[in-house]
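Asks: Next comes the structure file model-v3.pdb, holding PDB, C-alpha atoms.
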```
ATOM      1  CA  MET N   1     107.460 133.358  46.021
ATOM      2  CA  ASP N   2     111.150 133.513  46.838
ATOM      3  CA  SER N   3     112.787 131.164  49.284
ATOM      4  CA  VAL N   4     113.518 132.401  52.792
ATOM      5  CA  GLY N   5     117.244 131.864  52.255
ATOM      6  CA  ASN N   6     117.237 134.175  49.253
ATOM      7  CA  VAL N   7     115.417 136.903  51.196
ATOM      8  CA  ILE N   8     117.814 136.631  54.147
ATOM      9  CA  LEU N   9     120.814 136.731  51.788
ATOM     10  CA  TYR N  10     119.320 139.782  50.094
ATOM     11  CA  PHE N  11     118.904 141.673  53.370
ATOM     12  CA  VAL N  12     122.381 140.825  54.664
ATOM     13  CA  VAL N  13     124.041 141.847  51.394
ATOM     14  CA  ALA N  14     121.942 144.990  50.889
ATOM     15  CA  ILE N  15     122.616 146.273  54.400
ATOM     16  CA  ALA N  16     126.341 145.504  54.125
ATOM     17  CA  MET N  17     126.471 147.255  50.745
ATOM     18  CA  VAL N  18     124.705 150.423  51.900
ATOM     19  CA  VAL N  19     126.664 150.679  55.159
ATOM     20  CA  SER N  20     130.032 150.164  53.474
ATOM     21  CA  ALA N  21     129.178 152.662  50.714
ATOM     22  CA  PHE N  22     128.262 155.220  53.378
ATOM     23  CA  MET N  23     131.443 154.538  55.342
ATOM     24  CA  ALA N  24     133.542 154.755  52.168
ATOM     25  CA  VAL N  25     132.544 158.385  51.636
ATOM     26  CA  THR N  26     132.568 159.510  55.285
ATOM     27  CA  THR N  27     135.630 157.864  56.859
ATOM     28  CA  THR N  28     138.643 160.120  57.423
ATOM     29  CA  LYS N  29     141.349 157.599  56.550
ATOM     30  CA  ILE N  30     141.781 157.077  52.834
ATOM     31  CA  LEU N  31     142.964 153.467  53.024
ATOM     32  CA  ARG N  32     139.834 152.609  55.018
ATOM     33  CA  ALA N  33     137.711 154.282  52.357
ATOM     34  CA  ALA N  34     139.315 151.994  49.758
ATOM     35  CA  THR N  35     138.610 148.946  51.924
ATOM     36  CA  TYR N  36     134.948 149.921  52.357
ATOM     37  CA  LEU N  37     134.718 150.391  48.599
ATOM     38  CA  LEU N  38     136.053 146.846  48.236
ATOM     39  CA  PHE N  39     133.280 145.508  50.507
ATOM     40  CA  SER N  40     130.691 147.414  48.511
ATOM     41  CA  LEU N  41     131.999 145.954  45.234
ATOM     42  CA  ILE N  42     131.969 142.422  46.663
ATOM     43  CA  CYS N  43     128.346 142.901  47.776
ATOM     44  CA  THR N  44     127.469 143.984  44.220
ATOM     45  CA  ALA N  45     129.118 140.814  42.927
ATOM     46  CA  ILE N  46     126.960 138.763  45.305
ATOM     47  CA  PHE N  47     123.870 140.495  43.881
ATOM     48  CA  TYR N  48     125.012 139.491  40.393
ATOM     49  CA  PHE N  49     125.408 135.893  41.542
ATOM     50  CA  GLN N  50     121.978 135.992  43.174
ATOM     51  CA  MET N  51     120.373 137.237  39.967
ATOM     52  CA  GLY N  52     121.890 134.349  38.039
ATOM     53  CA  TYR N  53     124.735 136.116  36.204
ATOM     54  CA  GLN N  54     127.595 133.971  37.416
ATOM     55  CA  PHE N  55     130.074 135.069  34.750
ATOM     56  CA  LEU N  56     129.417 138.738  35.449
ATOM     57  CA  GLY N  57     129.844 138.212  39.187
ATOM     58  CA  ALA N  58     133.168 136.493  38.573
ATOM     59  CA  VAL N  59     134.293 139.363  36.310
ATOM     60  CA  GLN N  60     133.245 141.889  38.942
ATOM     61  CA  LEU N  61     135.272 140.046  41.584
ATOM     62  CA  ALA N  62     138.327 139.565  39.381
ATOM     63  CA  VAL N  63     138.517 142.943  37.614
ATOM     64  CA  TYR N  64     136.929 145.353  40.097
ATOM     65  CA  ALA N  65     137.547 143.809  43.494
ATOM     66  CA  GLY N  66     140.867 142.356  42.357
ATOM     67  CA  GLY N  67     142.513 144.589  39.785
ATOM     68  CA  ILE N  68     141.120 148.062  40.399
ATOM     69  CA  MET N  69     141.393 147.777  44.174
ATOM     70  CA  VAL N  70     145.068 146.803  43.870
ATOM     71  CA  LEU N  71     145.592 149.941  41.771
ATOM     72  CA  PHE N  72     143.833 152.055  44.404
ATOM     73  CA  VAL N  73     145.839 150.661  47.306
ATOM     74  CA  PHE N  74     149.027 151.061  45.281
ATOM     75  CA  ALA N  75     148.269 154.722  44.556
ATOM     76  CA  ILE N  76     147.240 155.460  48.146
ATOM     77  CA  ILE N  77     150.418 153.958  49.553
ATOM     78  CA  LEU N  78     152.510 155.900  47.033
ATOM     79  CA  THR N  79     150.894 159.265  47.726
ATOM     80  CA  HIS N  80     150.062 159.184  51.457
ATOM     81  CA  LYS N  81     152.016 158.895  54.644
ATOM     82  CA  PRO N  82     150.714 156.402  57.215
ATOM     83  CA  ASN N  83     148.099 157.897  59.572
ATOM     84  CA  ASP N  84     147.319 160.740  57.210
ATOM     85  CA  LYS N  85     143.832 162.030  57.923
ATOM     86  CA  THR N  86     141.692 164.165  55.683
ATOM     87  CA  ALA N  87     141.165 167.702  56.905
ATOM     88  CA  PRO N  88     137.774 168.399  58.515
ATOM     89  CA  LEU N  89     135.180 169.576  56.037
ATOM     90  CA  ALA N  90     134.389 173.239  55.549
ATOM     91  CA  ALA N  91     130.791 173.946  56.550
ATOM     92  CA  HIS N  92     129.672 175.252  53.148
ATOM     93  CA  ARG N  93     131.197 172.271  51.374
ATOM     94  CA  GLN N  94     129.352 169.866  53.624
ATOM     95  CA  PHE N  95     126.137 171.856  53.135
ATOM     96  CA  VAL N  96     126.483 171.622  49.359
ATOM     97  CA  GLY N  97     127.180 167.895  49.528
ATOM     98  CA  ILE N  98     124.321 167.069  51.876
ATOM     99  CA  SER N  99     121.759 169.236  50.080
ATOM    100  CA  ALA N 100     122.701 167.853  46.648
ATOM    101  CA  SER N 101     122.507 164.259  47.830
ATOM    102  CA  VAL N 102     119.231 164.731  49.752
ATOM    103  CA  ILE N 103     117.559 166.437  46.777
ATOM    104  CA  GLY N 104     118.911 163.757  44.458
ATOM    105  CA  ALA N 105     117.775 160.951  46.747
ATOM    106  CA  VAL N 106     114.236 162.361  47.054
ATOM    107  CA  LEU N 107     113.910 162.814  43.288
ATOM    108  CA  LEU N 108     115.278 159.358  42.482
ATOM    109  CA  ILE N 109     113.131 157.573  45.074
ATOM    110  CA  LEU N 110     110.035 159.453  43.860
ATOM    111  CA  ALA N 111     110.824 158.486  40.266
ATOM    112  CA  LEU N 112     111.392 154.909  41.372
ATOM    113  CA  PHE N 113     108.036 154.517  43.103
ATOM    114  CA  LYS N 114     106.055 156.342  40.385
ATOM    115  CA  MET N 115     107.651 154.146  37.736
ATOM    116  CA  PRO N 116     105.063 152.067  35.827
ATOM    117  CA  LEU N 117     107.418 149.149  35.210
ATOM    118  CA  ALA N 118     107.142 147.559  38.649
ATOM    119  CA  LYS N 119     105.121 144.591  37.507
ATOM    120  CA  GLY N 120     105.583 142.745  40.771
ATOM    121  CA  LEU N 121     107.445 139.767  39.370
ATOM    122  CA  SER N 122     109.617 138.027  41.946
ATOM    123  CA  LEU N 123     113.209 136.917  41.475
ATOM    124  CA  SER N 124     112.361 133.211  41.214
ATOM    125  CA  GLN N 125     109.717 134.005  38.559
ATOM    126  CA  VAL N 126     112.062 136.025  36.350
ATOM    127  CA  ILE N 127     114.767 133.392  36.671
ATOM    128  CA  GLU N 128     112.196 130.796  35.622
ATOM    129  CA  ILE N 129     111.075 132.914  32.632
ATOM    130  CA  GLY N 130     114.692 133.537  31.660
ATOM    131  CA  GLY N 131     115.277 129.828  31.337
ATOM    132  CA  PRO N 132     118.447 128.019  32.370
ATOM    133  CA  THR N 133     121.405 130.121  33.468
ATOM    134  CA  LEU N 134     123.660 131.604  30.819
ATOM    135  CA  THR N 135     126.465 129.296  29.815
ATOM    136  CA  MET N 136     129.981 130.345  28.888
ATOM    137  CA  HIS N 137     129.176 129.100  25.387
ATOM    138  CA  ASP N 138     126.365 131.661  24.933
ATOM    139  CA  ILE N 139     128.490 134.514  26.282
ATOM    140  CA  GLY N 140     131.467 133.591  24.115
ATOM    141  CA  ILE N 141     129.350 133.376  20.961
ATOM    142  CA  ALA N 142     127.745 136.752  21.765
ATOM    143  CA  LEU N 143     131.154 138.365  22.318
ATOM    144  CA  VAL N 144     132.754 137.314  19.032
ATOM    145  CA  GLY N 145     129.766 137.143  16.681
ATOM    146  CA  SER N 146     128.934 139.908  14.196
ATOM    147  CA  GLU N 147     125.168 139.470  13.851
ATOM    148  CA  LYS N 148     122.318 141.138  15.710
ATOM    149  CA  PHE N 149     122.849 141.167  19.510
ATOM    150  CA  GLN N 150     126.460 140.100  19.071
ATOM    151  CA  TYR N 151     129.409 142.238  20.020
ATOM    152  CA  LEU N 152     132.515 141.683  17.896
ATOM    153  CA  LEU N 153     133.063 145.388  17.129
ATOM    154  CA  PRO N 154     132.848 146.678  20.744
ATOM    155  CA  PHE N 155     135.006 143.740  21.827
ATOM    156  CA  GLU N 156     137.781 144.769  19.423
ATOM    157  CA  ALA N 157     137.304 148.447  20.309
ATOM    158  CA  VAL N 158     137.828 147.594  23.980
ATOM    159  CA  SER N 159     141.031 145.749  23.126
ATOM    160  CA  VAL N 160     142.332 148.825  21.276
ATOM    161  CA  LEU N 161     141.245 151.008  24.216
ATOM    162  CA  LEU N 162     143.179 148.818  26.651
ATOM    163  CA  LEU N 163     146.279 149.042  24.454
ATOM    164  CA  ALA N 164     145.952 152.830  24.313
ATOM    165  CA  CYS N 165     145.503 152.835  28.096
ATOM    166  CA  ILE N 166     148.684 150.809  28.660
ATOM    167  CA  ILE N 167     150.729 153.121  26.424
ATOM    168  CA  GLY N 168     149.131 156.228  27.944
ATOM    169  CA  GLY N 169     149.790 155.039  31.478
ATOM    170  CA  VAL N 170     153.445 154.371  30.717
ATOM    171  CA  VAL N 171     153.891 157.741  28.993
ATOM    172  CA  ILE N 172     152.168 159.706  31.758
ATOM    173  CA  ALA N 173     153.832 158.022  34.726
ATOM    174  CA  ARG N 174     157.360 157.766  33.272
ATOM    175  CA  LYS N 175     160.132 159.757  34.889
ATOM    176  CA  LYS N 176     161.372 162.681  32.841
TER
ATOM    177  CA  MET F   1     108.142 137.498  50.437
ATOM    178  CA  ASP F   2     108.855 138.385  46.846
ATOM    179  CA  ILE F   3     112.098 140.075  45.865
ATOM    180  CA  SER F   4     110.707 142.551  43.311
ATOM    181  CA  ILE F   5     112.633 144.950  41.092
ATOM    182  CA  LEU F   6     112.386 147.772  43.658
ATOM    183  CA  TRP F   7     114.256 145.738  46.258
ATOM    184  CA  TYR F   8     117.334 145.854  44.096
ATOM    185  CA  LEU F   9     116.883 149.398  42.792
ATOM    186  CA  VAL F  10     116.716 151.027  46.226
ATOM    187  CA  PRO F  11     120.242 149.950  47.381
ATOM    188  CA  SER F  12     121.480 151.017  43.961
ATOM    189  CA  VAL F  13     120.004 154.514  44.471
ATOM    190  CA  ILE F  14     121.626 154.764  47.912
ATOM    191  CA  LEU F  15     124.974 153.709  46.442
ATOM    192  CA  PHE F  16     124.689 156.442  43.802
ATOM    193  CA  ILE F  17     123.762 159.096  46.371
ATOM    194  CA  CYS F  18     126.722 158.125  48.577
ATOM    195  CA  GLY F  19     128.921 158.561  45.517
ATOM    196  CA  VAL F  20     127.486 162.023  44.804
ATOM    197  CA  TYR F  21     128.024 163.101  48.407
ATOM    198  CA  GLY F  22     131.610 161.867  48.441
ATOM    199  CA  PHE F  23     132.412 163.432  45.082
ATOM    200  CA  LEU F  24     131.157 166.844  46.225
ATOM    201  CA  THR F  25     132.723 166.883  49.688
ATOM    202  CA  ARG F  26     136.106 165.203  49.261
ATOM    203  CA  LYS F  27     139.208 167.172  48.342
ATOM    204  CA  ASN F  28     141.633 164.298  47.882
ATOM    205  CA  MET F  29     141.620 163.099  44.279
ATOM    206  CA  ILE F  30     141.896 159.411  45.154
ATOM    207  CA  ALA F  31     138.895 159.731  47.475
ATOM    208  CA  MET F  32     136.986 161.451  44.661
ATOM    209  CA  LEU F  33     137.906 158.582  42.356
ATOM    210  CA  ILE F  34     136.565 156.140  44.953
ATOM    211  CA  SER F  35     133.247 158.028  44.993
ATOM    212  CA  LEU F  36     133.219 157.940  41.200
ATOM    213  CA  GLU F  37     133.647 154.161  41.272
ATOM    214  CA  LEU F  38     130.664 153.916  43.631
ATOM    215  CA  MET F  39     128.468 155.834  41.174
ATOM    216  CA  LEU F  40     129.697 153.794  38.221
ATOM    217  CA  ASN F  41     129.047 150.597  40.152
ATOM    218  CA  SER F  42     125.470 151.616  40.868
ATOM    219  CA  ALA F  43     124.899 152.328  37.169
ATOM    220  CA  ASP F  44     126.308 148.881  36.292
ATOM    221  CA  LEU F  45     124.021 147.300  38.858
ATOM    222  CA  ASN F  46     121.013 149.085  37.327
ATOM    223  CA  PHE F  47     121.802 147.702  33.850
ATOM    224  CA  VAL F  48     121.835 144.180  35.248
ATOM    225  CA  ILE F  49     118.658 144.660  37.310
ATOM    226  CA  PHE F  50     116.647 146.007  34.369
ATOM    227  CA  ASN F  51     117.992 143.218  32.173
ATOM    228  CA  ARG F  52     116.976 140.579  34.691
ATOM    229  CA  TYR F  53     113.508 141.866  35.504
ATOM    230  CA  LEU F  54     112.254 143.450  32.284
ATOM    231  CA  PHE F  55     113.942 141.269  29.631
ATOM    232  CA  PRO F  56     114.723 138.001  31.416
ATOM    233  CA  GLY F  57     115.370 136.074  28.217
ATOM    234  CA  SER F  58     118.111 138.299  26.772
ATOM    235  CA  MET F  59     121.534 139.388  28.021
ATOM    236  CA  GLU F  60     122.127 142.848  26.577
ATOM    237  CA  GLY F  61     122.278 144.582  29.968
ATOM    238  CA  MET F  62     124.856 142.077  31.140
ATOM    239  CA  MET F  63     126.983 142.766  28.046
ATOM    240  CA  PHE F  64     126.768 146.527  28.718
ATOM    241  CA  THR F  65     128.015 145.928  32.240
ATOM    242  CA  LEU F  66     130.850 143.691  31.014
ATOM    243  CA  PHE F  67     132.093 146.423  28.661
ATOM    244  CA  ALA F  68     131.541 149.093  31.317
ATOM    245  CA  ILE F  69     133.758 147.141  33.739
ATOM    246  CA  ALA F  70     136.503 146.856  31.115
ATOM    247  CA  ILE F  71     136.357 150.590  30.374
ATOM    248  CA  ALA F  72     136.262 151.438  34.098
ATOM    249  CA  ALA F  73     139.486 149.476  34.586
ATOM    250  CA  ALA F  74     141.202 151.454  31.807
ATOM    251  CA  GLU F  75     139.875 154.766  33.119
ATOM    252  CA  THR F  76     141.035 154.050  36.674
ATOM    253  CA  ALA F  77     144.523 153.093  35.509
ATOM    254  CA  ILE F  78     144.910 156.365  33.588
ATOM    255  CA  ALA F  79     143.448 158.434  36.430
ATOM    256  CA  ILE F  80     145.854 156.905  38.933
ATOM    257  CA  ALA F  81     148.819 157.505  36.613
ATOM    258  CA  LEU F  82     147.752 161.167  36.415
ATOM    259  CA  ILE F  83     147.313 161.433  40.186
ATOM    260  CA  ILE F  84     150.775 159.978  40.852
ATOM    261  CA  ASN F  85     152.228 162.419  38.341
ATOM    262  CA  ILE F  86     150.486 165.355  40.060
ATOM    263  CA  TYR F  87     151.764 164.110  43.419
ATOM    264  CA  ARG F  88     155.309 164.191  42.028
ATOM    265  CA  ALA F  89     154.827 167.747  40.788
ATOM    266  CA  ILE F  90     153.103 169.453  43.741
ATOM    267  CA  GLY F  91     153.578 167.068  46.677
ATOM    268  CA  ASN F  92     149.941 166.316  47.499
ATOM    269  CA  THR F  93     146.762 165.231  45.743
ATOM    270  CA  ASN F  94     144.223 167.909  46.681
ATOM    271  CA  VAL F  95     142.080 169.251  43.863
ATOM    272  CA  THR F  96     142.164 172.726  45.415
ATOM    273  CA  ASP F  97     145.947 172.927  44.984
ATOM    274  CA  ILE F  98     145.938 172.325  41.240
ATOM    275  CA  LYS F  99     146.039 175.664  39.490
ATOM    276  CA  GLU F 100     147.607 174.938  36.110
ATOM    277  CA  MET F 101     147.264 172.220  33.482
ATOM    278  CA  LYS F 102     150.964 171.763  32.717
ATOM    279  CA  PHE F 103     153.738 171.724  35.304
TER
END
```
Take the structure in this file and express it as structure tokens.

Replies:
Amino acid sequence: MDSVGNVILYFVVAIAMVVSAFMAVTTTKILRAATYLLFSLICTAIFYFQMGYQFLGAVQLAVYAGGIMVLFVFAIILTHKPNDKTAPLAAHRQFVGISASVIGAVLLILALFKMPLAKGLSLSQVIEIGGPTLTMHDIGIALVGSEKFQYLLPFEAVSVLLLACIIGGVVIARKK
Amino acid sequence: MDISILWYLVPSVILFICGVYGFLTRKNMIAMLISLELMLNSADLNFVIFNRYLFPGSMEGMMFTLFAIAIAAAETAIAIALIINIYRAIGNTNVTDIKEMKF
């Protein structure tokens, strides 16, 4: 049995997330689309917090809602004039988009409700089974250990990837 | 009321579908990238949900999402560098106007 506060928080966040995701793909102004994406990402971070992954929620807020959104706004301001609107959609394009998403939604929802793994556990029960919340100590050990369920190699690979990304970004965006 | 696994999976599905719709209908590359981020975000959310509900004692799904966020940051930075470069070459960022790989 989950507390009433948790259920209310869930509904508020879920509705905000779905509405802002919908607005992000339908609004005509690109800067507004980026702002709605930001709201959607923040709502996801709140879900992470609610499920007990505080570190992940903080990373989502800092990297996604902070860093990536700044990049988006930067790129939009560089490549668009103020009050630019997207051209109205061609009818066949809209038909393709709507039919693909409706078919996809029906299939995914069907798969979801036929799925045998819905064991009916509630959030408070799984948090109780999972034990106390993850500490920074556990996450740090898992990130730099080299045994089973520890992630030293991917951690280093990501650092090399980020270096390659920095160099690639500079090379691509540099003036000739 | 119990918040079961489906309660979290349904908003995640809707997020993914919104991303698909935006990716298919938008012409502007930055708007397409925004739709792509929505889809990626829903996949991240699914990792965490399945981790929480099916394997509450472990944290492998959370680690997947951590690495996915790091890689998404790198991917977005490169994509935006490319888009700004294309804007310099052809003056707008519509996918329909890009006809050749090298300018």

Asks: Using all atoms listed in the file, can you tell me which of N:Phe149, N:Phe113, N:Phe39, N:Phe155 comes closest to F:Ile5?

Replies: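 Looking only at the distances to F:Ile5, the closest residue turns out to be N:Phe113.
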
Asks: Using the chain letters and numbers from the file, give me the residues hit by the ChimeraX specification (/F :<6) & /N, as a list in words.

Replies: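 Here the ChimeraX specification (/F :<6) & /N matches Met1, Asp2, Phe22, Val25, Arg93, Gln94, Gly97, Ser101, Gly120, Leu121, Ser122, Leu123, Val126, Gly130, Cys165, Gly169 and Ala173 of chain N.
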
Asks: For a test of reading the model, state the distance in Å between atom CA of N:Val144 and atom CA of N:Phe49, rounded to one decimal.

Replies: 23.7 Å

Asks: Restricting the calculation to only C-alpha atoms, which member of N:Met51, N:Leu38, N:Glu128, N:Thr135 is positioned closest to N:Leu71?

Replies: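 The shortest atom-to-atom distance to N:Leu71 comes from N:Leu38.
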
Asks: Which residue gives the smallest distance to N:Leu9 among N:Ala21, N:Cys43, N:Ala157, N:Ile109, with all atoms listed in the file counted?

Replies: N:Cys43

Asks: On this file, the PyMOL selection byres ((chain N and resi 12-15) around 8) gives some set of residues; write that set as a PyMOL selection string.

Replies: (chain N and resi 8-11+16-19+43+46-47) or (chain F and resi 11)

Asks: Report as a list of chain:residue names the residues that result from applying the PyMOL selection byres ((chain N and resi 30-33) around 8) to the structure here.

Replies: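 The output of the PyMOL selection byres ((chain N and resi 30-33) around 8) on this file is N:Met23, N:Ala24, N:Val25, N:Thr26, N:Thr27, N:Thr28, N:Lys29, N:Ala34, N:Thr35, N:Tyr36, N:Leu37, N:Val73, N:Ile76, N:Asp84, N:Lys85, N:Thr86, F:Ala31, F:Ile34.
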
Asks: Taking C-alpha atoms for each residue, export the selection above as a tab-separated table (two decimals), in the frame of the given file.

Replies:
```tsv
chain	number	residue	atom	x	y	z
N	23	MET	CA	131.44	154.54	55.34
N	24	ALA	CA	133.54	154.76	52.17
N	25	VAL	CA	132.54	158.38	51.64
N	26	THR	CA	132.57	159.51	55.28
N	27	THR	CA	135.63	157.86	56.86
N	28	THR	CA	138.64	160.12	57.42
N	29	LYS	CA	141.35	157.60	56.55
N	34	ALA	CA	139.32	151.99	49.76
N	35	THR	CA	138.61	148.95	51.92
N	36	TYR	CA	134.95	149.92	52.36
N	37	LEU	CA	134.72	150.39	48.60
N	73	VAL	CA	145.84	150.66	47.31
N	76	ILE	CA	147.24	155.46	48.15
N	84	ASP	CA	147.32	160.74	57.21
N	85	LYS	CA	143.83	162.03	57.92
N	86	THR	CA	141.69	164.16	55.68
F	31	ALA	CA	138.90	159.73	47.48
F	34	ILE	CA	136.56	156.14	44.95
```

Asks: Please, what distance in Å, to one decimal, runs between atom CA of N:Gly52 and atom CA of N:Leu112?

Replies: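 Taking atom CA of N:Gly52 and atom CA of N:Leu112, their separation equals 23.3 Å.
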
Asks: How many Å separate atom CA of F:Ala43 from atom CA of F:Phe64?

Replies: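 Rounded to one decimal, the two atoms are 10.4 Å apart.
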
Asks: Do a neighbour search on N:Val59 at 10 Å with all atoms listed in the file, toss out local chain neighbours closer than 2 positions, and write the hits as number ranges by chain.

Replies: N: 45, 54-57, 61-66; F: 65-66, 69-70

Asks: How about saving the chosen residues, C-alpha atoms kept, as a PDB file, keeping the file's coordinate frame?

Replies:
```pdb
ATOM      1  CA  ALA N  45     129.118 140.814  42.927  1.00  0.00           C
ATOM      2  CA  GLN N  54     127.595 133.971  37.416  1.00  0.00           C
ATOM      3  CA  PHE N  55     130.074 135.069  34.750  1.00  0.00           C
ATOM      4  CA  LEU N  56     129.417 138.738  35.449  1.00  0.00           C
ATOM      5  CA  GLY N  57     129.844 138.212  39.187  1.00  0.00           C
ATOM      6  CA  LEU N  61     135.272 140.046  41.584  1.00  0.00           C
ATOM      7  CA  ALA N  62     138.327 139.565  39.381  1.00  0.00           C
ATOM      8  CA  VAL N  63     138.517 142.943  37.614  1.00  0.00           C
ATOM      9  CA  TYR N  64     136.929 145.353  40.097  1.00  0.00           C
ATOM     10  CA  ALA N  65     137.547 143.809  43.494  1.00  0.00           C
ATOM     11  CA  GLY N  66     140.867 142.356  42.357  1.00  0.00           C
TER      12      GLY N  66
ATOM     13  CA  THR F  65     128.015 145.928  32.240  1.00  0.00           C
ATOM     14  CA  LEU F  66     130.850 143.691  31.014  1.00  0.00           C
ATOM     15  CA  ILE F  69     133.758 147.141  33.739  1.00  0.00           C
ATOM     16  CA  ALA F  70     136.503 146.856  31.115  1.00  0.00           C
TER      17      ALA F  70
END
```
